[in-house]
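One structure below.
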Amino acid sequence: MCATLDSAMYPTEKDDGNDGVTISLCMLASGSKGNCIHVSAGDKSILVDAGLSGREIERRMRQRNLSPDHLQAIVVSHEHSDHIRGVGVLARRFGLPVYISGETECAALPNLGKLPHSCHFHPGTPFAIPPFTIHPFNVSHDAVDPVGFTISMNGSRIGIATDLGIATGLVEQHLKGCHLLVIEANHDLEMLINGPYPWSLKQRIKSRNGHLSNEAAEALLRTVMGTTLKQVVLGHLSETNNTAQQALKIVRQAIGNRDINVTVALQHRSGPVLTL
């Protein structure tokens, strides 16, 4: 039986008393074999998804001088195994609450095991894991209740949307005004169509509930890019149907001469710590 939380337990953004503290992000892994994003501010941090083994996530954190002892919580976007593989292990090992929608927890229970504490959020309703304010929003993907997130602190804002078949108006609305974006650039259309996948899988990837192409990522970036945006991370690249070079070539067309750094998150090693 999945527990629920009263809506009064979700505080909205306010002065968090962390003046001078900066927010940082590190892509620990991104791709079909596992996804995990580390977000930190000083000595407090969270994980957005934990789709590698607990041991591997800890190893990658320590490679970047990120301490698991500073973790406050794990936030889950949806129930696919490449996003939750290490959630239960890390939650039990470090006594972490898991923030997850009720529908997603019910679908994920067989792979999560018993959690020390689960906190149910509702898409569209912001909640706080101090010092962060997190706003989950609905995305179009083949999961029961998939979401993207914006994470805010001290006026800085991160947007995360890495598993979605289309970028809806709602997605665009939430990603506008961000300083750092993590967006999906899963496949090159020609490589996907001409590649080795069975047609049924190609259709699923291309569908409204699948994954964004390089071209779709470029179009999304054109729509949401504003004067505040400084960094873009391209995530969930297919190892079969895309390359980092091709994704960067297409998506950078939206950037033009703007002073925005664009990087690619990798599957087999963590990326640098990006600070706002």
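Chains: A, B, ... in order of the structure tokens. Residues: from 1 per chain. Ligands: from 1, in order shown.
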For stretch 265-271 of chain A, list every protein, DNA or RNA residue within 12 Å, evaluated using only C-alpha atoms, and leave out those in the same chain fewer than 5 positions away; present the list as a PyMOL selection string. chain A and resi 25-38+51-52+56-66+82+162+181-186+232-239+242-244+247-248
Tell me which protein, DNA and RNA residues are within 6 Å of A:Pro146, counting only C-alpha atoms, leaving out same-chain ones fewer than 3 positions away, and put them as a compact mmCIF listing (two decimals) with N, CA, C and O atoms, in the first residue's frame.
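Final output, selection.txt:
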# COMPACT_ATOMS: atom_id res chain seq x y z
N SER A 77 12.02 10.47 -11.10
CA SER A 77 11.23 11.00 -12.22
C SER A 77 10.20 10.00 -12.75
O SER A 77 9.09 10.38 -13.11
N HIS A 78 10.57 8.72 -12.81
CA HIS A 78 9.63 7.68 -13.26
C HIS A 78 10.22 6.32 -12.94
O HIS A 78 11.35 6.22 -12.45
N VAL A 139 5.53 15.11 -18.15
CA VAL A 139 6.13 14.96 -19.48
C VAL A 139 5.48 13.77 -20.18
O VAL A 139 4.80 12.95 -19.56
N ALA A 143 5.61 5.83 -19.27
CA ALA A 143 5.66 5.45 -17.86
C ALA A 143 4.33 5.88 -17.24
O ALA A 143 3.54 6.58 -17.87
If you run DSSP on the backbone, which residues of stretch 75-166 of chain A are alpha helix (DSSP H), as a list in words?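 Everything in stretch 75-166 of chain A that counts as alpha helix (DSSP H) is Ser81, Asp82, His83, Ile84, Val87, Gly88, Val89, Leu90, Ala91, Arg92, Arg93, Phe94, Gly102, Glu103, Thr104, Glu105, Cys106, Ala107, Ala108, Leu109, Pro110, Asn111 and Leu112 of chain A.
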Next, dump the selected residues to file, keeping only C-alpha atoms, as a CSV table (one decimal), in the first residue's frame.
chain,number,residue,atom,x,y,z
A,81,SER,CA,14.9,0.6,-14.2
A,82,ASP,CA,17.5,2.9,-15.7
A,83,HIS,CA,16.3,5.5,-13.3
A,84,ILE,CA,15.6,3.6,-10.1
A,87,VAL,CA,17.2,4.0,-5.3
A,88,GLY,CA,16.3,1.4,-2.7
A,89,VAL,CA,19.9,0.5,-1.8
A,90,LEU,CA,21.0,4.1,-1.3
A,91,ALA,CA,17.9,5.0,0.6
A,92,ARG,CA,18.4,2.2,3.0
A,93,ARG,CA,22.1,2.6,3.3
A,94,PHE,CA,22.0,6.3,4.1
A,102,GLY,CA,2.3,7.8,-5.6
A,103,GLU,CA,1.6,6.2,-9.0
A,104,THR,CA,5.3,5.9,-9.7
A,105,GLU,CA,6.0,4.3,-6.3
A,106,CYS,CA,3.3,1.7,-6.9
A,107,ALA,CA,4.7,0.8,-10.3
A,108,ALA,CA,8.3,0.7,-9.0
A,109,LEU,CA,7.8,-1.2,-5.7
A,110,PRO,CA,9.1,-4.6,-7.0
A,111,ASN,CA,12.4,-2.9,-7.8
A,112,LEU,CA,12.6,-0.5,-4.9
Leaving out A:Val251 and any residue of its chain fewer than 5 positions from it, which residues lie within 9 Å of it when counting only C-alpha atoms, given as an MDAnalysis selection string? chainID A and resid 185 214:219 221 234 246 262
Could those residues be written to a file, using C-alpha atoms, as a PDB file, in the first residue's frame?
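New file part.pdb:
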ATOM      1  CA  ALA A 185      18.980  14.582 -27.354  1.00  0.00           C
ATOM      2  CA  ASN A 214      18.538  15.949 -31.821  1.00  0.00           C
ATOM      3  CA  GLU A 215      16.286  18.071 -34.019  1.00  0.00           C
ATOM      4  CA  ALA A 216      13.523  18.142 -31.419  1.00  0.00           C
ATOM      5  CA  ALA A 217      16.041  19.133 -28.732  1.00  0.00           C
ATOM      6  CA  GLU A 218      17.265  21.953 -30.946  1.00  0.00           C
ATOM      7  CA  ALA A 219      13.692  23.175 -31.500  1.00  0.00           C
ATOM      8  CA  LEU A 221      16.086  24.993 -26.973  1.00  0.00           C
ATOM      9  CA  LEU A 234      22.479  17.112 -23.562  1.00  0.00           C
ATOM     10  CA  GLN A 246      26.136  14.898 -34.133  1.00  0.00           C
ATOM     11  CA  VAL A 262      26.796  23.134 -24.362  1.00  0.00           C
TER      12      VAL A 262
END
Enumerate as a CSV table (one decimal) with C-alpha atoms, in the first residue's frame all residues of stretch 104-240 of chain A assigned to strand (DSSP E or B) by DSSP on the backbone, naming them with the chain letters and numbers the document uses.
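Ended up saving to selection00.csv:
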chain,number,residue,atom,x,y,z
A,118,SER,CA,8.7,7.8,0.9
A,119,CYS,CA,7.3,11.3,0.3
A,120,HIS,CA,4.7,11.6,-2.4
A,121,PHE,CA,4.8,14.7,-4.6
A,127,PHE,CA,7.9,21.1,-2.7
A,128,ALA,CA,11.0,21.8,-0.6
A,129,ILE,CA,14.0,19.7,0.2
A,132,PHE,CA,16.1,23.5,-2.8
A,133,THR,CA,12.6,24.2,-4.1
A,134,ILE,CA,11.6,21.5,-6.6
A,135,HIS,CA,8.8,21.8,-9.1
A,136,PRO,CA,7.8,18.5,-10.8
A,137,PHE,CA,5.9,18.8,-14.1
A,138,ASN,CA,4.3,16.2,-16.4
A,147,VAL,CA,7.9,14.1,-14.7
A,148,GLY,CA,10.6,16.5,-15.3
A,149,PHE,CA,11.8,19.0,-12.7
A,150,THR,CA,13.0,22.5,-12.1
A,151,ILE,CA,15.2,23.0,-9.1
A,152,SER,CA,15.6,26.5,-7.6
A,153,MET,CA,17.7,28.1,-5.0
A,156,SER,CA,19.3,30.2,-9.7
A,157,ARG,CA,17.2,27.6,-11.6
A,158,ILE,CA,18.0,24.3,-13.1
A,159,GLY,CA,15.6,22.5,-15.6
A,160,ILE,CA,15.7,18.7,-16.1
A,161,ALA,CA,13.7,17.0,-18.9
A,180,LEU,CA,21.1,25.6,-16.6
A,181,LEU,CA,19.1,23.0,-18.7
A,182,VAL,CA,19.5,19.3,-18.9
A,183,ILE,CA,17.6,18.2,-22.0
A,184,GLU,CA,17.3,15.0,-24.0
A,187,HIS,CA,18.8,10.0,-31.3
A,213,SER,CA,15.6,13.5,-31.3
A,231,GLN,CA,24.7,26.1,-19.6
A,232,VAL,CA,23.0,23.3,-21.5
A,233,VAL,CA,23.7,19.6,-20.9
A,234,LEU,CA,22.5,17.1,-23.6
A,235,GLY,CA,21.4,13.9,-21.9
What does the distance from atom CA of A:Gly256 to atom CA of A:Leu175 come to in Å, to one decimal?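 Interatomic distance, atom CA of A:Gly256 to atom CA of A:Leu175: 19.2 Å.
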Non-local contacts of A:Val76 (6 Å; only C-alpha atoms; under 6 positions in same chain excluded) as a list of chain:residue names: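 Listing them by chain and then by number gives A:Val48, A:Asp49, A:Ile100.
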Quick one: write out the picked residues with C-alpha atoms as a CSV table (one decimal), in the first residue's frame?
chain,number,residue,atom,x,y,z
A,48,VAL,CA,17.6,13.1,-9.2
A,49,ASP,CA,17.1,9.4,-10.1
A,100,ILE,CA,8.3,10.1,-5.8
Just the number, please: distance in Å from atom CA of A:Leu189 to atom CA of A:Thr168, one decimal.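 We find that atom CA of A:Leu189 and atom CA of A:Thr168 lie 19.6 Å from each other.
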Give the answer as one residue: which of A:Gln72, A:Ser101, A:Arg252, A:Gly165 has the shortest atom-to-atom distance to A:Thr125, using only C-alpha atoms?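 Using only C-alpha atoms, A:Thr125 sits closest to A:Ser101.
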Can you measure atom CA of A:Ile74 to atom CA of A:Leu47 for me? One decimal in Å is fine.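 These atoms are spaced 4.8 Å apart.
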Identify which of the residues A:Leu274, A:Val21, A:Val144, A:Cys178 lies closest to A:Thr227, counting only C-alpha atoms when measuring atom-to-atom distances. A:Cys178
Which polymer residues have any atom within 6 Å of an atom of A:His179, counting only C-alpha atoms, with same-chain residues fewer than 2 positions away left out, as a list in words?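 In the requested form, the answer reads Arg157, Thr228, Leu229 and Lys230 of chain A.
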